[in-house]
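Q: Quick one: this structure, given as C-alpha cells, is what I'll be asking you about.
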Amino acid sequence: MPGPLDGIRVADFTWVWAGPTCTMQLAHMGAEVIRMETSGRICTLRMLPPWFGGAPNPNRSGYFNQYNQGKRGILLNIASPEGAVIAKRLVAMSDVAVENFAAGVMKKLGLNYEELVKVRPELIMMSMSGYGQTGPESAYVSYGPAQVPMSGLSQLTGYKGMQPMHVGMSYGDPNAGLHAAFAVIAALFHRERTGKGQYIDMSQWESSMTVIGEAFMHEQMNGEQPERDGNRSQRMSPHGQFMAAGDDAWVSIVCTDEADWQKLCRVMDKPELADDPRFRTLADRKANEDELEMLIMEWTLQYDPFEAAAMLQAAGIAAYPPLSNKQVLSNKHMEGRGFFVEKEHKEVGALRHAGIPFRMSETPCEVRSAAPVMGQDNEYVFGELLGMSSDEIKSLTDRGVIR
Amino acid sequence: MPERALADVTVIECGKTGAAAYAAKLMADLGADVIKIEPPEGDPARALGPYPGHKPHREKSGTFLYLNTNKQGVTLDIASAAGRGVLDKLLAKAYVLVHDFTPREAEALGLTYDRVHAVNGDLVMTSIFPFGGSGPERDYRAEELTLLSAGGWAWLNGWPGMPEMPPLKPYGFQTAYQGGVNAALSTMGALFARQRGLAKGQHIEVSVQECIASILEMTLPMWSYSQITAVRYGNRPIQPIEMFQCKDGAWIFALSIEEHQWQRLVELMETPEWTTWEVAANRFSRASNWDALRPFMEEWVSQWTAADLYKAAQEKRVPFAPVSTLSDLINSEHLNVRGFFVEVDHTEAGRLKHAGAPYKLAGTPWEIRSPAPTLGQHNRQVFGERLGMSETEISSLTKAGAV
C-alpha cells in the first residue's frame, strides 16, 4: 500500500536539524525527498558526533543519520551559477521545495520563491528560517538551541529559585520541523483541491512560542512571569522525580487526586499517611511538600526505579523512570511496537534509530531506507531523473558543480 | 473572504490532555470547521488556568482560551446512549475525529475504529494514546511528567554532575503539544491521501511516548553508534552553547556553532589571550576544556547589557540569542512588525494577545476568526441548525443530562 505522499517529490535544500526534520516526515509518508548537499559546505550534523567508529567522518554521523532517514542525497554546489540552474531543473520536477537558511540566502542564490515559481507554477515552497522572512531581525542568524531561550521556554524552566535552564536538547529544531511538515501537507491538500501552490514563511522562533501559548496568558492576566518550580505542579501533589536505588536512578510519580494519594500510601505500606493532617488534601500536601517528598523518597530509595514504577502502575498510579538514551533504545514496550528502525547503511551497517511515532492503517508510513551517504544518489538524480549523459555528469564534477 | 487551506473540513474533537485540542487548533487556524465536544461539566483545560488574579473561572482559563480558538463548542455526554446517538450524527458528516483518551477510556466510550468506521467509512480517526495502542505498557497511567520520563526527555534536562538534582521537567505541556502536532501532521497526510483517492477513511494511532523518543537530538545514536550514556544539561560536544548573566541582570545565550562564527566572536572579544590557547583552538577542544575556559567568557559577557551584546554579536553574524521573558516577547519589535501576537476578544475573558501563527501561508492565511467557545455556546447551532434537531429534541436531551 502506498504512503499518503506517494508520488510527491521534494527538492530538499535544508540542513542542520530543523529543515531535515520537516523533509524526513515527508519521506516517511512516501514522498521522494532529494537532499542537495555540497562537500564545500558539509551539513553541520555530519560534522558533529557521534561518529560510528569514533573518528570524525561525515558519512558516519549518528546525528545526521537519525534525521535524514528515507531520503535520497546528491552533491550539488548550488552556490555556483550552473549548480543553481540544475537545482531549478530539479525544482521544476518537484511538488515541494523546503529550505531553512537565514532569510535572504536563497535570494542571493537566485533560488527564492519568485524565481522557482517561474519553473514550477504550482510549487509549494516552505522557508523555515530562525526569524522569518520579514521584520527588523530577519537577517539574524539562528540555530535550534537558541530557540529555547528566545521563545521564553528557558525563563519558564528550572529548579525553584535557580537560574533559567535550557531544556536539555535543541527543542526548537524538531518542533519547527514537525509544524512545517504539517503546513506543507495542508498546502498540498489545498493544491489538490484548487490547483494552486503557494509560499510559506515560517519562523522557528514563532513556532517555538506556539507550544507555550498558555504562558503568555499568565503574563497578561497577572502581569507576572510564572515562577520556575522544578518538577512540581500547582494542581497535583506529589508530582516529582524521586531518587531510587542505584546510580543516578529516579522514578517520576504523579498523584492526580486524593484517590491516587491514598493508593500511593497503600503501596508504600504507610496507610496512616492518608489520614495524616499534613497530607490529607491537595492544599495540605502543597503546604508540606518538602516533607511529603522526603517521605516518598524514603520509600523509593529502597527500590530499583523500574521495580518501583511497576508496583505503582500495578496500583494505578502514573509512574515511570526517566529513561536514559540507552534505556530508551532497549525499552521493551517501544521495541515490541516496532518503533525502532535498523536499516542497512552503506558505512555504518544496521544500527538502531528512532522510527515514526504514528501508525496509519490504510496508507502506511515507513522508514524506507537509511540516511544517504554523501552523493549516494548522484547517478539516479543527474542521470535518470535529469537525463544527463555520463560525459555531462563528469564534466560538471570536474568543474566543481557536482561536488 | 480569503481562501482557507482547510475550508469545509469538519473535525470532531474530544479528549482531555490538550493533545487533541492542539491538533484540532492547528487545523482550525488554517480554516477547518472544528466542533469541540466537551463533557457537560466542561473540558479539563477549563480547570487548568492561568486565571486573572489566580481566581478559577471556567470561562477564563488561559490554557483553554489559547487551545480552542476558531472552534465551535458543544456539551455532550458521549458515554450516554442519547449522547452517543448525537455524536454518531456528527461523525457521519465529518472528515476527522481526533481524540486523546487512553485506549481503555476510548474502548469504554465506544470510540473504537470499527464502530466509528461503521458510521462513516470515509472518516479519518486519529487516536492520541500516551503509550500507543499496543504493547505491554499500553494501559500504563500517564501524566505530562511521567511521559517526559518515559520518552527520554526528562533524563536530558537538569544540572549535570550534581547527584542530588533530579531530571527536570521542561515548562508546560510539551508532551501534549508534541502529541498534538504529530496527530495534526499524520491526519493531514490521511486527508491528502483521501483527497487523491489513495484511501478512504483510516485509523491513525499516535504514541506520545514515541513522539518524545523521536526528537531526542543526537542522544539515541550516541548510544547506538558510540555506547555513550547521555548526561543531563544535554550533551555538548561543542562550545560555547551556554547561558550567562549580563551586567543588567538579563541573560544571554552565547552560541557559536561553526568555526567561522567563533572567529568573528573572537574579534568581537578583541582576541583576549585565552582564545589563542591551544585548548581554545576548535569547538571540540573548547568543549572538553570548557570548565577552564568558561570563566573567561562569563567575565567578558558580564561587561555587557544583554540587549547590546545580542545586537553586537548578530551584527557579526554570531548566533547569540536573548533569554527572553514573556514581556520581552510581547513587546518585541520584530515580533510585532511580523504581527505574531494576535489580540482576541472573548465575551468573558476580555481582550488577550494570543501566540499567533507558527507559519504564514501566503495563499491561504493562518487566522483567528473566533475566540474559544464558552461552555455549550454552540449547542443550538450545531444540534439544531446542523443536525436539524428540534427544540423539543434538544431540551429532552438536556433533561436527560446528555447535553
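Scheme for the C-alpha cells: letters A, B, ... for chains in order shown; per-chain residue numbers from 1; ligand numbers from 1 in order shown.
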Quick one: everything within 7 Å of range 245-252 of chain A, counting only C-alpha atoms, minus sequence neighbours fewer than 3 positions away in the same chain. Send it as a short mmCIF file (atom, residue, chain, number, x, y, z; two decimals) with N, CA and C atoms, in the first residue's frame.
A:
data_model
loop_
_atom_site.label_atom_id
_atom_site.label_comp_id
_atom_site.auth_asym_id
_atom_site.auth_seq_id
_atom_site.Cartn_x
_atom_site.Cartn_y
_atom_site.Cartn_z
N GLY A 240 6.65 14.62 41.10
CA GLY A 240 8.09 14.85 41.06
C GLY A 240 8.90 13.65 40.63
N GLN A 241 10.23 13.87 40.66
CA GLN A 241 11.20 12.81 40.39
C GLN A 241 11.78 12.41 41.74
N PHE A 242 11.70 11.14 42.05
CA PHE A 242 12.15 10.67 43.35
C PHE A 242 13.34 9.75 43.19
N LEU A 301 13.82 4.99 47.58
CA LEU A 301 15.25 4.64 47.71
C LEU A 301 15.47 3.14 47.95
N GLN A 302 14.42 2.47 48.40
CA GLN A 302 14.58 1.03 48.65
C GLN A 302 14.46 0.19 47.39
N TYR A 303 14.04 0.81 46.29
CA TYR A 303 13.72 0.01 45.10
C TYR A 303 14.47 0.48 43.87
N ASP A 304 14.73 -0.51 43.03
CA ASP A 304 15.16 -0.20 41.67
C ASP A 304 14.03 0.63 41.03
N PRO A 305 14.37 1.64 40.22
CA PRO A 305 13.31 2.53 39.71
C PRO A 305 12.26 1.80 38.86
N ALA A 309 8.34 1.65 39.73
CA ALA A 309 7.33 2.09 38.76
C ALA A 309 6.32 0.98 38.50
N ALA A 319 3.46 6.53 36.95
CA ALA A 319 4.87 6.50 37.36
C ALA A 319 5.70 5.94 36.22
N TYR A 320 6.92 6.44 36.08
CA TYR A 320 7.86 5.91 35.08
C TYR A 320 9.25 6.39 35.43
N PRO A 321 10.26 5.55 35.27
CA PRO A 321 11.61 6.06 35.49
C PRO A 321 12.03 6.94 34.32
N PRO A 322 12.74 8.04 34.59
CA PRO A 322 13.28 8.82 33.46
C PRO A 322 14.29 7.97 32.70
N LEU B 145 4.46 14.65 33.30
CA LEU B 145 5.79 14.40 33.87
C LEU B 145 6.26 12.97 33.59
N THR B 146 5.37 12.01 33.76
CA THR B 146 5.81 10.62 33.57
C THR B 146 6.07 10.33 32.08
N SER B 149 9.46 11.43 31.20
CA SER B 149 10.41 10.41 31.64
C SER B 149 10.42 9.21 30.70
N PRO B 163 24.55 15.01 41.84
CA PRO B 163 23.74 13.81 42.03
C PRO B 163 22.42 14.06 42.76
#
Q: For range 154-159 of chain B, please output as a PyMOL selection string all residues within 6 Å (counting only C-alpha atoms; exclusion window: fewer than 3 positions along the same chain).
A: (chain A and resi 167-168+322+324) or (chain B and resi 148-149+167-169+232-234)
Q: Which of these residues is nearest to chain A, using only C-alpha atoms: B:Phe383, B:Tyr359, B:Phe129, B:Phe244?
A: B:Tyr359
Q: With distances taken over only C-alpha atoms, which residue among A:Pro145, A:Gly230, A:Gly195, A:Gly83 lies nearest Ile393 in chain A?
A: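 When distances to Ile393 in chain A are compared using only C-alpha atoms, the smallest one comes from A:Gly83.
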Q: Identify which of the residues A:Ser94, A:Gln66, A:Ser80, A:Asn57 lies closest to chain B, counting only C-alpha atoms when measuring atom-to-atom distances.
A: A:Gln66
Q: Rank nothing, just name the residue among A:Thr23, A:Ser237, A:Ser138, A:Ser39 nearest to Glu333 in chain B, using only C-alpha atoms.
A: A:Ser138
Q: Have a look at CA of Met36 in chain A and CA of Thr219 in chain B and let me know their distance in Å, one decimal.
A: 25.2 Å
Q: Counting only C-alpha atoms, figure out which residue out of A:Leu153, A:Leu351, A:Ala371, A:Ala180 gets nearest to Gln225 in chain A.
A: A:Leu153
Q: Would you kindly return, as a PDB file with N, CA and C atoms, in the first residue's frame, each protein, DNA or RNA residue with an atom no farther than 7 Å from any atom of range 354-362 of chain A, considering only C-alpha atoms and excluding same-chain residues fewer than 5 positions away?
A:
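And here is the file that came out, out.pdb:
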ATOM      1  N   PHE A 339       8.811   0.288  17.037  1.00  0.00           N
ATOM      2  CA  PHE A 339       9.139   1.706  16.854  1.00  0.00           C
ATOM      3  C   PHE A 339      10.551   1.902  16.290  1.00  0.00           C
ATOM      4  N   PHE A 340      11.473   1.043  16.680  1.00  0.00           N
ATOM      5  CA  PHE A 340      12.867   1.278  16.274  1.00  0.00           C
ATOM      6  C   PHE A 340      13.129   0.759  14.866  1.00  0.00           C
ATOM      7  N   VAL A 341      14.104   1.369  14.234  1.00  0.00           N
ATOM      8  CA  VAL A 341      14.409   1.075  12.835  1.00  0.00           C
ATOM      9  C   VAL A 341      15.882   0.718  12.709  1.00  0.00           C
ATOM     10  N   VAL A 367       9.926   4.007   7.351  1.00  0.00           N
ATOM     11  CA  VAL A 367      11.281   4.491   7.104  1.00  0.00           C
ATOM     12  C   VAL A 367      11.805   3.639   5.955  1.00  0.00           C
TER      13      VAL A 367
ATOM     14  N   ALA B 199      -6.911   6.406  -0.454  1.00  0.00           N
ATOM     15  CA  ALA B 199      -7.576   5.662   0.611  1.00  0.00           C
ATOM     16  C   ALA B 199      -8.856   6.399   0.945  1.00  0.00           C
ATOM     17  N   GLN B 202      -9.476   6.053   7.483  1.00  0.00           N
ATOM     18  CA  GLN B 202      -8.484   5.184   8.106  1.00  0.00           C
ATOM     19  C   GLN B 202      -8.289   5.552   9.563  1.00  0.00           C
ATOM     20  N   HIS B 203      -7.561   4.669  10.252  1.00  0.00           N
ATOM     21  CA  HIS B 203      -7.280   4.906  11.664  1.00  0.00           C
ATOM     22  C   HIS B 203      -5.812   5.255  11.840  1.00  0.00           C
ATOM     23  N   ILE B 204      -5.574   6.329  12.559  1.00  0.00           N
ATOM     24  CA  ILE B 204      -4.206   6.725  12.891  1.00  0.00           C
ATOM     25  C   ILE B 204      -4.047   6.593  14.397  1.00  0.00           C
ATOM     26  N   GLU B 205      -2.932   5.999  14.768  1.00  0.00           N
ATOM     27  CA  GLU B 205      -2.674   5.811  16.187  1.00  0.00           C
ATOM     28  C   GLU B 205      -1.343   6.508  16.491  1.00  0.00           C
ATOM     29  N   VAL B 206      -1.371   7.465  17.412  1.00  0.00           N
ATOM     30  CA  VAL B 206      -0.172   8.229  17.769  1.00  0.00           C
ATOM     31  C   VAL B 206       0.270   7.803  19.164  1.00  0.00           C
ATOM     32  N   SER B 207       1.556   7.562  19.350  1.00  0.00           N
ATOM     33  CA  SER B 207       2.092   7.289  20.681  1.00  0.00           C
ATOM     34  C   SER B 207       2.844   8.523  21.169  1.00  0.00           C
ATOM     35  N   GLU B 210       6.462   7.861  21.967  1.00  0.00           N
ATOM     36  CA  GLU B 210       7.320   7.806  20.779  1.00  0.00           C
ATOM     37  C   GLU B 210       7.522   9.186  20.153  1.00  0.00           C
ATOM     38  N   CYS B 211       6.517  10.060  20.282  1.00  0.00           N
ATOM     39  CA  CYS B 211       6.701  11.440  19.794  1.00  0.00           C
ATOM     40  C   CYS B 211       7.909  12.070  20.487  1.00  0.00           C
ATOM     41  N   ALA B 213      10.400  10.265  22.112  1.00  0.00           N
ATOM     42  CA  ALA B 213      11.607   9.462  21.830  1.00  0.00           C
ATOM     43  C   ALA B 213      12.167   9.735  20.435  1.00  0.00           C
ATOM     44  N   SER B 214      11.363  10.316  19.548  1.00  0.00           N
ATOM     45  CA  SER B 214      11.866  10.553  18.191  1.00  0.00           C
ATOM     46  C   SER B 214      12.471  11.943  18.015  1.00  0.00           C
TER      47      SER B 214
END
Q: Fewer than 2 positions away in the same chain doesn't count, so skip those; otherwise give me all residues within 9 Å of His333 in chain A, counting only C-alpha atoms, as a list of chain:residue names.
A: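 Those residues are A:Ser330, A:Asn331, A:Glu335, A:Gly336, A:Arg337, A:Gly338, B:Phe131, B:Ser134, B:Gly135, B:Pro136, B:Glu137, B:Arg138.
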